[in-house]
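Listing of final_11.csv, CSV, C-alpha atoms and all ligand atoms
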```
chain,number,residue,atom,x,y,z
A,4,MET,CA,294.6,231.5,-119.3
A,5,ILE,CA,291.4,231.6,-117.3
A,6,LYS,CA,288.7,231.0,-119.9
A,7,ASN,CA,285.5,230.9,-117.7
A,8,VAL,CA,284.4,232.0,-114.3
A,9,VAL,CA,281.2,230.6,-112.7
A,10,ASP,CA,279.6,232.4,-109.8
A,11,VAL,CA,278.1,230.4,-106.9
A,12,ALA,CA,275.8,232.9,-105.3
A,13,LEU,CA,275.2,232.0,-101.7
A,14,GLY,CA,275.1,235.3,-99.9
A,15,ASP,CA,278.1,235.7,-97.6
A,16,ARG,CA,279.2,232.2,-98.6
A,17,SER,CA,279.4,233.1,-102.3
A,18,TYR,CA,282.5,232.2,-104.3
A,19,LYS,CA,283.8,231.9,-107.8
A,20,ILE,CA,284.9,228.9,-109.9
A,21,TYR,CA,287.8,229.7,-112.2
A,22,ILE,CA,288.3,227.4,-115.1
A,23,GLY,CA,291.2,227.5,-117.5
A,24,ASP,CA,293.9,225.6,-119.4
A,25,ARG,CA,297.5,225.4,-117.9
A,26,VAL,CA,296.6,228.0,-115.3
A,27,LEU,CA,298.2,226.5,-112.1
A,28,HIS,CA,300.9,229.2,-112.2
A,29,GLY,CA,298.2,231.8,-111.5
A,30,ILE,CA,296.7,230.1,-108.5
A,31,ALA,CA,298.5,232.0,-105.8
A,32,GLU,CA,297.6,235.4,-107.1
A,33,THR,CA,293.9,234.4,-107.1
A,34,ILE,CA,294.2,232.9,-103.6
A,35,LYS,CA,295.8,236.1,-102.3
A,36,GLU,CA,293.2,238.2,-103.9
A,37,LYS,CA,290.3,236.2,-102.6
A,38,CYS,CA,291.6,234.9,-99.2
A,39,GLY,CA,294.3,237.3,-98.4
A,40,SER,CA,296.2,234.4,-96.8
A,41,VAL,CA,299.9,234.5,-96.4
A,42,ARG,CA,300.1,230.9,-95.2
A,43,ALA,CA,298.5,227.7,-96.5
A,44,ALA,CA,298.4,224.0,-95.7
A,45,LEU,CA,298.7,222.2,-99.0
A,46,ILE,CA,296.8,218.9,-98.7
A,47,THR,CA,297.3,216.4,-101.4
A,48,ASN,CA,298.5,212.8,-102.1
A,49,ALA,CA,301.9,211.6,-103.4
A,50,LYS,CA,300.6,210.9,-106.9
A,51,VAL,CA,299.1,214.3,-107.5
A,52,TRP,CA,302.0,216.0,-105.7
A,53,ASP,CA,304.4,214.3,-108.2
A,54,TYR,CA,302.4,215.5,-111.1
A,55,TYR,CA,301.4,219.0,-110.1
A,56,GLY,CA,303.1,219.9,-106.8
A,57,SER,CA,306.0,221.9,-108.3
A,58,GLN,CA,303.7,224.1,-110.4
A,59,VAL,CA,301.6,225.0,-107.3
A,60,VAL,CA,304.6,225.5,-105.1
A,61,GLU,CA,306.3,227.8,-107.6
A,62,ALA,CA,303.2,229.9,-107.8
A,63,LEU,CA,302.9,230.2,-104.0
A,64,ASP,CA,306.6,231.2,-103.8
A,65,VAL,CA,306.2,233.9,-106.4
A,66,GLU,CA,303.3,235.4,-104.4
A,67,GLY,CA,305.1,235.0,-101.0
A,68,ILE,CA,302.5,232.6,-99.7
A,69,GLY,CA,304.2,230.3,-97.2
A,70,TYR,CA,303.1,226.7,-97.3
A,71,GLU,CA,303.3,223.4,-95.4
A,72,LEU,CA,302.8,220.2,-97.3
A,73,ILE,CA,300.5,217.6,-95.8
A,74,LEU,CA,300.4,214.3,-97.7
A,75,VAL,CA,297.5,211.9,-97.2
A,76,PRO,CA,297.2,208.3,-98.6
A,77,ASP,CA,295.8,207.8,-102.1
A,78,GLY,CA,292.3,206.3,-102.4
A,79,GLU,CA,289.0,206.2,-100.6
A,80,GLN,CA,290.6,205.0,-97.4
A,81,ALA,CA,292.0,208.6,-96.9
A,82,LYS,CA,288.4,209.8,-96.2
A,83,SER,CA,288.5,208.5,-92.6
A,84,LEU,CA,288.4,210.1,-89.2
A,85,SER,CA,291.8,208.6,-88.4
A,86,VAL,CA,293.4,210.3,-91.4
A,87,ALA,CA,291.5,213.5,-90.5
A,88,GLU,CA,293.0,213.3,-87.0
A,89,LYS,CA,296.5,213.0,-88.4
A,90,VAL,CA,295.9,216.1,-90.5
A,91,TYR,CA,294.5,218.0,-87.5
A,92,GLY,CA,297.7,217.0,-85.7
A,93,GLU,CA,300.0,218.4,-88.4
A,94,LEU,CA,298.0,221.6,-88.6
A,95,ILE,CA,298.3,222.1,-84.8
A,96,GLU,CA,302.0,221.2,-84.7
A,97,LYS,CA,302.7,223.6,-87.6
A,98,GLY,CA,300.8,226.3,-85.8
A,99,PHE,CA,298.0,226.9,-88.3
A,100,GLU,CA,295.5,229.5,-87.2
A,101,ARG,CA,292.0,230.5,-88.4
A,102,LYS,CA,293.4,233.3,-90.6
A,103,ASP,CA,295.4,230.7,-92.6
A,104,ALA,CA,294.0,228.6,-95.4
A,105,ILE,CA,293.9,225.0,-96.7
A,106,ILE,CA,294.5,224.2,-100.3
A,107,ALA,CA,293.0,220.9,-101.4
A,108,LEU,CA,294.9,219.7,-104.5
A,109,GLY,CA,293.5,216.4,-105.9
A,110,GLY,CA,290.4,214.4,-106.7
A,111,GLY,CA,287.2,214.1,-104.7
A,112,VAL,CA,288.8,212.2,-101.9
A,113,VAL,CA,291.4,214.9,-101.1
A,114,GLY,CA,288.7,217.6,-101.6
A,115,ASP,CA,286.1,215.9,-99.3
A,116,LEU,CA,288.7,215.2,-96.6
A,117,ALA,CA,290.5,218.6,-96.7
A,118,GLY,CA,287.1,220.4,-96.8
A,119,PHE,CA,285.9,218.4,-93.8
A,120,VAL,CA,289.1,219.2,-91.9
A,121,ALA,CA,288.8,222.9,-92.9
A,122,SER,CA,285.2,223.0,-91.6
A,123,THR,CA,286.2,221.8,-88.2
A,124,TYR,CA,289.7,222.9,-87.6
A,125,GLU,CA,289.5,225.8,-85.1
A,126,ARG,CA,285.8,225.9,-85.9
A,127,GLY,CA,286.5,226.5,-89.5
A,128,ILE,CA,289.3,228.0,-91.6
A,129,ALA,CA,289.2,229.0,-95.3
A,130,TYR,CA,289.8,226.4,-98.0
A,131,VAL,CA,290.4,226.4,-101.7
A,132,GLN,CA,289.5,223.6,-103.9
A,133,VAL,CA,292.0,222.7,-106.7
A,134,PRO,CA,290.3,219.7,-108.2
A,135,THR,CA,292.4,217.5,-110.5
A,136,THR,CA,290.0,214.7,-111.5
A,137,LEU,CA,287.1,215.2,-113.9
A,138,LEU,CA,284.6,214.1,-111.2
A,139,ALA,CA,286.1,216.6,-108.7
A,140,GLN,CA,286.1,219.4,-111.3
A,141,VAL,CA,282.4,219.0,-112.3
A,142,ASP,CA,281.0,217.7,-109.1
A,143,SER,CA,282.6,217.3,-105.7
A,144,SER,CA,284.6,220.6,-105.5
A,145,VAL,CA,281.4,222.6,-106.0
A,146,GLY,CA,278.6,222.9,-103.5
A,147,GLY,CA,280.3,222.5,-100.1
A,148,LYS,CA,279.4,218.9,-99.2
A,149,VAL,CA,282.4,217.7,-97.2
A,150,ALA,CA,282.7,214.4,-95.4
A,151,VAL,CA,284.7,211.4,-94.3
A,152,ASN,CA,283.4,207.8,-94.3
A,153,HIS,CA,282.5,205.8,-91.2
A,154,PRO,CA,283.0,202.0,-91.3
A,155,LEU,CA,279.2,201.7,-91.3
A,156,GLY,CA,278.6,204.1,-94.2
A,157,LYS,CA,280.1,206.3,-96.9
A,158,ASN,CA,280.1,210.1,-96.3
A,159,MET,CA,278.3,209.6,-92.9
A,160,ILE,CA,280.4,212.1,-91.0
A,161,GLY,CA,280.2,215.5,-92.7
A,162,THR,CA,279.0,219.0,-93.0
A,163,PHE,CA,278.1,221.7,-95.5
A,164,TYR,CA,281.1,224.1,-95.8
A,165,GLN,CA,281.7,226.2,-98.9
A,166,PRO,CA,285.2,226.8,-100.3
A,167,SER,CA,286.5,230.3,-100.7
A,168,LEU,CA,287.2,229.6,-104.3
A,169,VAL,CA,287.5,226.7,-106.8
A,170,TYR,CA,290.4,226.8,-109.2
A,171,ILE,CA,290.2,224.4,-112.1
A,172,ASP,CA,293.0,223.6,-114.5
A,173,VAL,CA,291.6,221.3,-117.2
A,174,ALA,CA,295.2,220.5,-118.4
A,175,THR,CA,295.6,218.4,-115.3
A,176,LEU,CA,293.1,215.9,-116.8
A,177,SER,CA,295.8,214.8,-119.3
A,178,THR,CA,297.3,212.5,-116.7
A,179,LEU,CA,294.1,211.0,-115.4
A,180,SER,CA,293.5,207.3,-116.0
A,181,GLU,CA,290.9,206.3,-118.7
A,182,ARG,CA,288.6,204.8,-116.0
A,183,ASP,CA,288.6,207.9,-113.8
A,184,TYR,CA,288.1,210.1,-116.9
A,185,ALA,CA,285.1,208.0,-117.9
A,186,GLY,CA,283.8,208.2,-114.3
A,187,GLY,CA,283.8,212.0,-114.5
A,188,MET,CA,282.1,211.8,-117.9
A,189,ALA,CA,279.2,209.9,-116.2
A,190,GLU,CA,278.5,212.9,-114.0
A,191,ILE,CA,278.6,215.3,-117.0
A,192,ILE,CA,276.2,213.0,-118.9
A,193,LYS,CA,274.0,213.2,-115.8
A,194,TYR,CA,274.0,217.0,-116.1
A,195,ALA,CA,273.1,216.7,-119.8
A,196,PHE,CA,270.1,214.6,-119.1
A,197,ILE,CA,268.8,216.6,-116.2
A,198,LYS,CA,269.3,220.0,-117.9
A,199,GLY,CA,269.1,219.1,-121.6
A,200,GLU,CA,270.5,221.5,-124.1
A,201,PRO,CA,273.0,222.8,-125.0
A,202,LEU,CA,275.2,220.3,-123.1
A,203,LEU,CA,273.4,217.2,-124.5
A,204,SER,CA,274.1,218.1,-128.1
A,205,LEU,CA,277.7,219.1,-127.4
A,206,LEU,CA,278.4,215.7,-125.9
A,207,GLN,CA,277.1,214.0,-129.0
A,208,GLU,CA,278.6,216.4,-131.6
A,209,ARG,CA,282.1,216.8,-130.1
A,210,LYS,CA,282.7,213.3,-128.7
A,211,ASP,CA,286.0,212.8,-130.5
A,212,GLU,CA,287.5,216.0,-129.1
A,213,ILE,CA,286.1,215.3,-125.6
A,214,GLN,CA,287.6,211.8,-125.7
A,215,ALA,CA,290.9,213.3,-126.9
A,216,ARG,CA,290.7,215.6,-123.8
A,217,ASP,CA,290.9,218.7,-126.0
A,218,VAL,CA,291.3,221.5,-123.5
A,219,ASP,CA,289.0,224.0,-125.2
A,220,VAL,CA,286.0,221.7,-125.3
A,221,LEU,CA,286.9,220.5,-121.8
A,222,SER,CA,286.9,224.0,-120.5
A,223,GLN,CA,283.4,224.4,-122.1
A,224,ILE,CA,281.8,221.3,-120.7
A,225,VAL,CA,283.4,221.7,-117.3
A,226,MET,CA,282.0,225.3,-117.2
A,227,MET,CA,278.5,224.2,-118.3
A,228,SER,CA,278.5,221.4,-115.7
A,229,CYS,CA,279.7,223.7,-112.9
A,230,SER,CA,277.0,226.2,-113.9
A,231,ILE,CA,274.3,223.6,-113.7
A,232,LYS,CA,275.5,222.4,-110.3
A,233,ALA,CA,275.9,226.0,-109.1
A,234,GLU,CA,272.3,226.9,-110.1
A,235,ILE,CA,270.9,223.9,-108.2
A,236,VAL,CA,273.1,224.4,-105.1
A,237,GLU,CA,272.1,228.1,-105.0
A,238,ALA,CA,268.4,227.0,-104.9
A,239,ASP,CA,268.9,224.3,-102.3
A,240,GLU,CA,272.3,224.6,-100.6
A,241,ARG,CA,271.5,222.2,-97.7
A,242,ASP,CA,269.9,219.5,-99.8
A,243,LEU,CA,266.4,219.8,-98.6
A,244,GLY,CA,264.6,219.5,-101.9
A,245,LEU,CA,265.8,220.4,-105.4
A,246,ARG,CA,269.4,219.3,-104.9
A,247,ALA,CA,268.1,215.7,-104.9
A,248,VAL,CA,267.9,215.9,-108.7
A,249,LEU,CA,271.7,215.6,-108.7
A,250,ASN,CA,271.2,212.0,-107.7
A,251,TYR,CA,269.8,211.1,-111.1
A,252,GLY,CA,271.0,207.5,-111.7
A,253,HIS,CA,272.4,207.3,-108.2
A,254,THR,CA,269.7,205.2,-106.5
A,255,LEU,CA,270.3,202.0,-108.4
A,256,GLY,CA,273.9,203.2,-108.9
A,257,HIS,CA,274.7,203.0,-105.2
A,258,ALA,CA,273.1,199.6,-105.0
A,259,ILE,CA,275.2,198.4,-108.0
A,260,GLU,CA,278.4,199.7,-106.3
A,261,SER,CA,277.6,197.9,-103.1
A,262,VAL,CA,276.3,194.6,-104.6
A,263,SER,CA,279.3,194.4,-107.0
A,264,GLY,CA,281.7,194.9,-104.1
A,265,TYR,CA,282.8,198.1,-105.8
A,266,GLN,CA,283.9,196.3,-109.0
A,267,TYR,CA,281.8,198.9,-110.8
A,268,ASN,CA,283.2,202.3,-109.8
A,269,HIS,CA,280.9,205.2,-109.0
A,270,GLY,CA,280.7,206.6,-112.5
A,271,GLU,CA,280.1,203.2,-114.1
A,272,ALA,CA,277.4,202.4,-111.6
A,273,VAL,CA,275.7,205.8,-112.1
A,274,ALA,CA,275.8,205.3,-115.9
A,275,ILE,CA,273.9,202.0,-115.6
A,276,GLY,CA,271.6,203.6,-113.0
A,277,MET,CA,270.7,206.4,-115.4
A,278,VAL,CA,269.6,204.0,-118.1
A,279,PHE,CA,267.5,202.2,-115.5
A,280,ALA,CA,266.0,205.5,-114.2
A,281,ALA,CA,265.2,206.4,-117.9
A,282,GLU,CA,263.5,203.0,-118.4
A,283,LEU,CA,261.5,203.4,-115.2
A,284,SER,CA,260.5,206.9,-116.4
A,285,GLU,CA,259.3,205.4,-119.6
A,286,ARG,CA,257.4,202.6,-117.8
A,287,LEU,CA,255.6,205.3,-115.8
A,288,GLY,CA,254.7,207.2,-118.9
A,289,LEU,CA,257.1,210.1,-118.3
A,290,LEU,CA,259.7,209.6,-121.0
A,291,GLU,CA,259.7,208.4,-124.6
A,292,LYS,CA,261.4,205.3,-125.8
A,293,LYS,CA,263.7,207.3,-128.1
A,294,ASP,CA,265.0,209.2,-125.1
A,295,VAL,CA,265.8,205.9,-123.3
A,296,GLU,CA,267.7,204.9,-126.4
A,297,LEU,CA,269.5,208.3,-126.4
A,298,HIS,CA,270.7,207.5,-122.8
A,299,ARG,CA,272.2,204.2,-124.1
A,300,ARG,CA,273.8,205.9,-127.1
A,301,VAL,CA,275.5,208.7,-125.1
A,302,ILE,CA,276.6,206.4,-122.3
A,303,ASP,CA,278.1,203.8,-124.8
A,304,MET,CA,279.8,206.7,-126.7
A,305,TYR,CA,281.9,207.5,-123.6
A,306,GLY,CA,282.9,203.9,-122.9
A,307,LEU,CA,280.6,203.5,-120.0
A,308,PRO,CA,278.4,200.5,-119.3
A,309,SER,CA,274.7,201.0,-120.0
A,310,SER,CA,273.4,197.6,-118.7
A,311,MET,CA,274.3,194.8,-116.4
A,312,ASN,CA,273.3,191.2,-116.0
A,313,ALA,CA,272.1,189.7,-112.7
A,314,SER,CA,270.2,186.6,-112.1
A,315,SER,CA,268.3,187.9,-109.1
A,316,ILE,CA,267.1,191.3,-108.0
A,317,ASP,CA,267.1,190.4,-104.3
A,318,GLU,CA,270.4,191.9,-103.3
A,319,PHE,CA,269.7,195.2,-105.2
A,320,MET,CA,266.3,195.4,-103.4
A,321,LYS,CA,268.0,194.8,-100.1
A,322,VAL,CA,270.4,197.7,-100.5
A,323,MET,CA,267.6,199.9,-101.8
A,324,GLU,CA,265.4,198.9,-98.9
A,325,ARG,CA,267.9,200.7,-96.6
A,326,ASP,CA,267.5,203.9,-98.6
A,327,LYS,CA,263.7,203.3,-98.5
A,328,LYS,CA,263.8,203.3,-94.6
A,329,ARG,CA,265.8,206.5,-94.6
A,330,SER,CA,263.3,208.2,-96.9
A,331,MET,CA,260.4,207.2,-94.6
A,332,GLY,CA,258.8,204.3,-96.5
A,333,GLY,CA,259.0,204.9,-100.2
A,334,HIS,CA,261.6,204.1,-102.9
A,335,VAL,CA,262.5,207.6,-104.0
A,336,PHE,CA,263.8,207.9,-107.5
A,337,VAL,CA,264.9,210.9,-109.6
A,338,LEU,CA,263.0,210.3,-112.9
A,339,LEU,CA,262.8,212.3,-116.1
A,340,ASP,CA,259.5,213.9,-117.1
A,341,GLY,CA,261.1,214.5,-120.5
A,342,VAL,CA,264.8,215.2,-121.0
A,343,GLY,CA,265.9,218.2,-119.0
A,344,ASN,CA,263.0,217.9,-116.6
A,345,PRO,CA,263.9,215.8,-113.5
A,346,VAL,CA,261.2,215.0,-111.0
A,347,VAL,CA,261.6,213.3,-107.6
A,348,ARG,CA,259.0,210.5,-107.2
A,349,ARG,CA,258.2,207.7,-104.8
A,350,VAL,CA,258.0,204.6,-106.8
A,351,ASP,CA,255.6,201.7,-105.9
A,352,ASP,CA,257.3,198.4,-105.0
A,353,ASN,CA,255.5,196.5,-107.8
A,354,ASP,CA,256.6,199.0,-110.5
A,355,LEU,CA,260.1,198.9,-109.2
A,356,ILE,CA,260.4,195.1,-109.1
A,357,ALA,CA,258.9,194.7,-112.6
A,358,ALA,CA,261.3,197.4,-114.0
A,359,LEU,CA,264.3,196.0,-112.3
A,360,GLU,CA,263.6,192.4,-113.3
A,361,ALA,CA,263.2,193.5,-116.9
A,362,PHE,CA,266.3,195.7,-116.8
A,363,LEU,CA,268.6,193.1,-115.3
A,364,LYS,CA,267.4,190.4,-117.7
A,365,GLU,CA,268.1,192.6,-120.7
A,366,GLY,CA,271.7,193.1,-119.6
B,401,LIG,N1,281.4,216.4,-102.0
B,401,LIG,C1,280.6,216.0,-103.0
B,401,LIG,O1,279.6,216.7,-103.3
B,401,LIG,C2,281.0,214.8,-103.8
B,401,LIG,C3,280.3,214.5,-105.0
B,401,LIG,C4,280.7,213.4,-105.7
B,401,LIG,C5,281.7,212.5,-105.2
B,401,LIG,N2,282.3,212.8,-104.0
B,401,LIG,C6,283.4,212.0,-103.5
B,401,LIG,O2,284.5,212.0,-104.4
B,401,LIG,C7,285.3,210.9,-104.2
B,401,LIG,C8,285.7,210.3,-105.5
B,401,LIG,O3,286.5,211.3,-106.2
B,401,LIG,P1,287.4,211.0,-107.5
B,401,LIG,O4,286.6,210.2,-108.4
B,401,LIG,O5,288.0,212.2,-107.9
B,401,LIG,O6,288.5,209.9,-106.8
B,401,LIG,P2,289.9,210.2,-106.2
B,401,LIG,O7,290.0,211.4,-105.5
B,401,LIG,O8,290.2,208.9,-105.5
B,401,LIG,O9,290.9,210.2,-107.5
B,401,LIG,C9,290.9,209.1,-108.4
B,401,LIG,C10,292.4,208.8,-108.6
B,401,LIG,O10,293.0,209.7,-109.5
B,401,LIG,C11,294.2,210.2,-108.9
B,401,LIG,N3,294.4,211.6,-109.5
B,401,LIG,C12,293.9,212.7,-109.1
B,401,LIG,N4,294.1,213.7,-109.9
B,401,LIG,C13,294.9,213.1,-110.9
B,401,LIG,C14,295.5,213.6,-112.1
B,401,LIG,N5,295.3,214.9,-112.5
B,401,LIG,N6,296.2,212.8,-112.9
B,401,LIG,C15,296.3,211.5,-112.5
B,401,LIG,N7,295.8,211.0,-111.4
B,401,LIG,C16,295.1,211.8,-110.6
B,401,LIG,C17,294.0,210.1,-107.5
B,401,LIG,O11,295.2,210.1,-106.8
B,401,LIG,C18,293.3,208.8,-107.4
B,401,LIG,O12,294.2,207.7,-107.4
B,401,LIG,C19,284.4,209.9,-103.4
B,401,LIG,O13,284.9,209.8,-102.1
B,401,LIG,C20,283.0,210.5,-103.4
B,401,LIG,O14,282.3,210.2,-102.2
B,401,LIG,C21,282.0,213.9,-103.3
```
Hey, can you dump this file as structure tokens for me?
Ligand SMILES: NC(=O)c1ccc[n+]([C@@H]2O[C@H](COP(=O)([O-])OP(=O)(O)OC[C@H]3O[C@@H](n4cnc5c(N)ncnc54)[C@H](O)[C@@H]3O)[C@@H](O)[C@H]2O)c1
Amino acid sequence: MIKNVVDVALGDRSYKIYIGDRVLHGIAETIKEKCGSVRAALITNAKVWDYYGSQVVEALDVEGIGYELILVPDGEQAKSLSVAEKVYGELIEKGFERKDAIIALGGGVVGDLAGFVASTYERGIAYVQVPTTLLAQVDSSVGGKVAVNHPLGKNMIGTFYQPSLVYIDVATLSTLSERDYAGGMAEIIKYAFIKGEPLLSLLQERKDEIQARDVDVLSQIVMMSCSIKAEIVEADERDLGLRAVLNYGHTLGHAIESVSGYQYNHGEAVAIGMVFAAELSERLGLLEKKDVELHRRVIDMYGLPSSMNASSIDEFMKVMERDKKRSMGGHVFVLLDGVGNPVVRRVDDNDLIAALEAFLKEG
């Protein structure tokens, strides 16, 4: 049953996010209602297809929506121009036209790739996000950022292209690996710190149910997270200002991913990055010590790392130096001026170095 619907109000690009438990069987009806499509390209990978393909296909059959399956490789390597080119080829060979639709069934990788293809195929065809990882349900499927990677940089080739609808079945999270689940939790914890209550209390009070993947509480936290993201995207769809607050924990997080050779995954790196951003906020007189401790407690609660050890800050600074160039000369950080109140600030080199040295020594 659909439990929650979140609106993303973007004028003629507005859409709804449907959230429920064991709702895949209702997906085709919603697609028909919202897109009117009678033909869809179902883009997914073999792993997700094995788990959930039959449920989606049965639903499409019942509603008379014809489909063609397009399988892409599993993992980040699928977000490439060469895989996109293969997908374009299949769409052309199978005669897809602008009035048809693409269904992206999978995690953030499938969603970003399929969305990118949708944004460019025949100058844009409709697409539906059916996210099946926690990260995709609360983050990547919402907001219309679609991209593939370039050998010189992640997400470098992309565009803004909103889906026609997002259809979330939280029951699909039951098969997700522990590590991917924790990675998605890192983004939810991020929303809790940039927005505050009631999500922050919910994460602390209902930790056992959340960790047991209870579908009721999951529906609730996914809905709250999507609402927070929707509100920010509505205010700054093209990432020209406010949307930057969604990068809380990401500045050091990206450097950690890169310096560790991706041994820390995105969520783990962001978790450490949030504690650092909180410490930096405290150092600059914006946040109280108890709130830094709260970061550590909540992050530990969900099995994510809250610190790391490194003998030198040089490599981290080198990676962050590249970001600094791109932001025209300053290290830009999202800090908290109190929990629930993110601010984007340029941070002085000396403050950053001192904070980073202390942080990496503590770990
Ligand atoms: N567009 C955006 O705004 C945005 C935001 C954040 C992240 N991203 C992108 O998202 C990507 C990461 O997404 P991700 O973390 O979902 O990774 P992913 O898509 O690689 O999925 C992780 C793994 O889980 C598997 N999987 C998917 N659903 C499953 C299920 N229900 N049960 C079992 N296994 C399942 C996948 O096959 C994969 O092996 C990155 O490329 C990142 O750049 C995009």
Grab all the atoms of stretch 197-207 of chain A that the file lists, wrap them in a box along x, y and z, add 4 Å per side, and give me centre plus edge lengths in Å (one decimal) as lines of an AutoDock Vina configuration file.
```
center_x = 273.6
center_y = 218.4
center_z = -122.6
size_x = 17.6
size_y = 16.8
size_z = 20.8
```
### Task
Identify, counting all atoms listed in the file, the protein, DNA and RNA residues located within 8 Å of ligand LIG 401 (chain B), and give them as a ChimeraX atom specification.
/A:48-51,54-55,77-79,82,109-115,134-139,142-151,157-158,175-180,183,186-187,269
### Message
When you count all atoms listed in the file, which of these residues is closest to A:Leu297: A:Leu27, A:Ala121, A:Ile105, A:Leu206?
### Response
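Of A:Leu27, A:Ala121, A:Ile105, A:Leu206, the one nearest A:Leu297 is A:Leu206, counting all atoms listed in the file.
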### Message
List as a VMD selection string the protein and nucleic acid residues near A:Pro201, meaning an atom at most 12 Å away when only C-alpha atoms are counted, but skip any in the same chain fewer than 2 places from it.
### Response
chain A and resid 192 194 to 199 203 to 208 223 to 224 227 to 228 231 342 to 343
### Task
Please measure the separation of atom CA of A:Lys97 and atom CA of A:Arg42, giving the value in Å to one decimal.
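Rounded to one decimal, the two atoms are 10.9 Å apart.
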Write out, as CSV, each residue of stretch 172-260 of chain A that has an atom at most 10 Å from stretch 333-337 of chain A, together with the closest pair of atoms and their distance in Å to one decimal, counting only C-alpha atoms, rows going by chain and rising number.
```
residue,atom,partner,partner_atom,distance
A:Ile197,CA,A:Val337,CA,9.6
A:Ala247,CA,A:Val337,CA,7.4
A:Val248,CA,A:Val337,CA,5.9
A:Leu249,CA,A:Val337,CA,8.3
A:Asn250,CA,A:Val337,CA,6.7
A:Tyr251,CA,A:Val337,CA,5.1
A:Gly252,CA,A:Val337,CA,7.3
A:His253,CA,A:Val337,CA,8.4
A:Thr254,CA,A:Phe336,CA,6.6
A:Leu255,CA,A:Phe336,CA,8.8
```
### Task
For stretch 274-284 of chain A, please output as number ranges by chain all residues within 8 Å (counting all atoms listed in the file; exclusion window: fewer than 4 positions along the same chain).
A: 189, 193, 251-256, 270, 288-290, 294-295, 298-299, 302, 307-311, 336-340, 355, 358-359, 362
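Of the residues under consideration (A:Ala233, A:Leu84, A:Ile191, A:Val141), A:Leu84 shows the shortest atom-to-atom contact distance to A:Ile160 when counting all atoms listed in the file.
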### Message
Using all atoms listed in the file, which protein or nucleic acid residues come within 7 Å of stretch 39-41 of chain A? Drop anything in the same chain fewer than 3 positions from it, and give the result as a count of residues only.
### Response
9
### Query
Within 7 Å of A:Tyr70, counting only C-alpha atoms, which residues qualify if same-chain residues fewer than 3 places away don't, as a list in words?
Arg42, Ala43, Ala44 and Leu45 of chain A
### Query
How many Å lie between atom CA of A:Arg182 and atom CA of A:Gln80, rounded to one decimal?
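Going from atom CA of A:Arg182 over to atom CA of A:Gln80 covers 18.7 Å.
Nearest to A:Gln214 of all the residues A:Met226, A:Ala185, A:Ala258, A:Ala238 is A:Ala185, counting all atoms listed in the file.
The closest residue to A:Val220, picked from A:Leu168, A:Leu155, A:Ile22, A:Ala31 and counting all atoms listed in the file, is A:Ile22.
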Which polymer residues have any atom within 10 Å of an atom of A:Glu318, counting only C-alpha atoms, with same-chain residues fewer than 4 positions away left out, as an mmCIF file with C-alpha atoms, keeping the file's coordinate frame?
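What follows is the written file around.cif:
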```cif
data_model
loop_
_atom_site.group_PDB
_atom_site.id
_atom_site.type_symbol
_atom_site.label_atom_id
_atom_site.label_comp_id
_atom_site.auth_asym_id
_atom_site.auth_seq_id
_atom_site.Cartn_x
_atom_site.Cartn_y
_atom_site.Cartn_z
ATOM 1 C CA ALA A 258 273.100 199.600 -105.000
ATOM 2 C CA ILE A 259 275.200 198.400 -108.000
ATOM 3 C CA SER A 261 277.600 197.900 -103.100
ATOM 4 C CA VAL A 262 276.300 194.600 -104.600
ATOM 5 C CA SER A 263 279.300 194.400 -107.000
ATOM 6 C CA ALA A 313 272.100 189.700 -112.700
ATOM 7 C CA VAL A 322 270.400 197.700 -100.500
ATOM 8 C CA MET A 323 267.600 199.900 -101.800
ATOM 9 C CA GLU A 324 265.400 198.900 -98.900
#
```
### Query
Between atom CA of A:Met320 and atom CA of A:Pro345, what is the distance, to one decimal in Å?
22.9 Å
### Message
Just checking: using only C-alpha atoms, which residue out of A:Glu200, A:Asp354, A:Glu100, A:Glu234 ends up closest to A:Glu125?
### Response
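Result for the nearest residue to A:Glu125: A:Glu100.
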### Query
Looking at all atoms listed in the file, which of A:Cys229, A:Val120, A:Ala357, A:Ile128 is the one that sits closest to A:Val9?
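Smallest distance to A:Val9 is found for A:Cys229.
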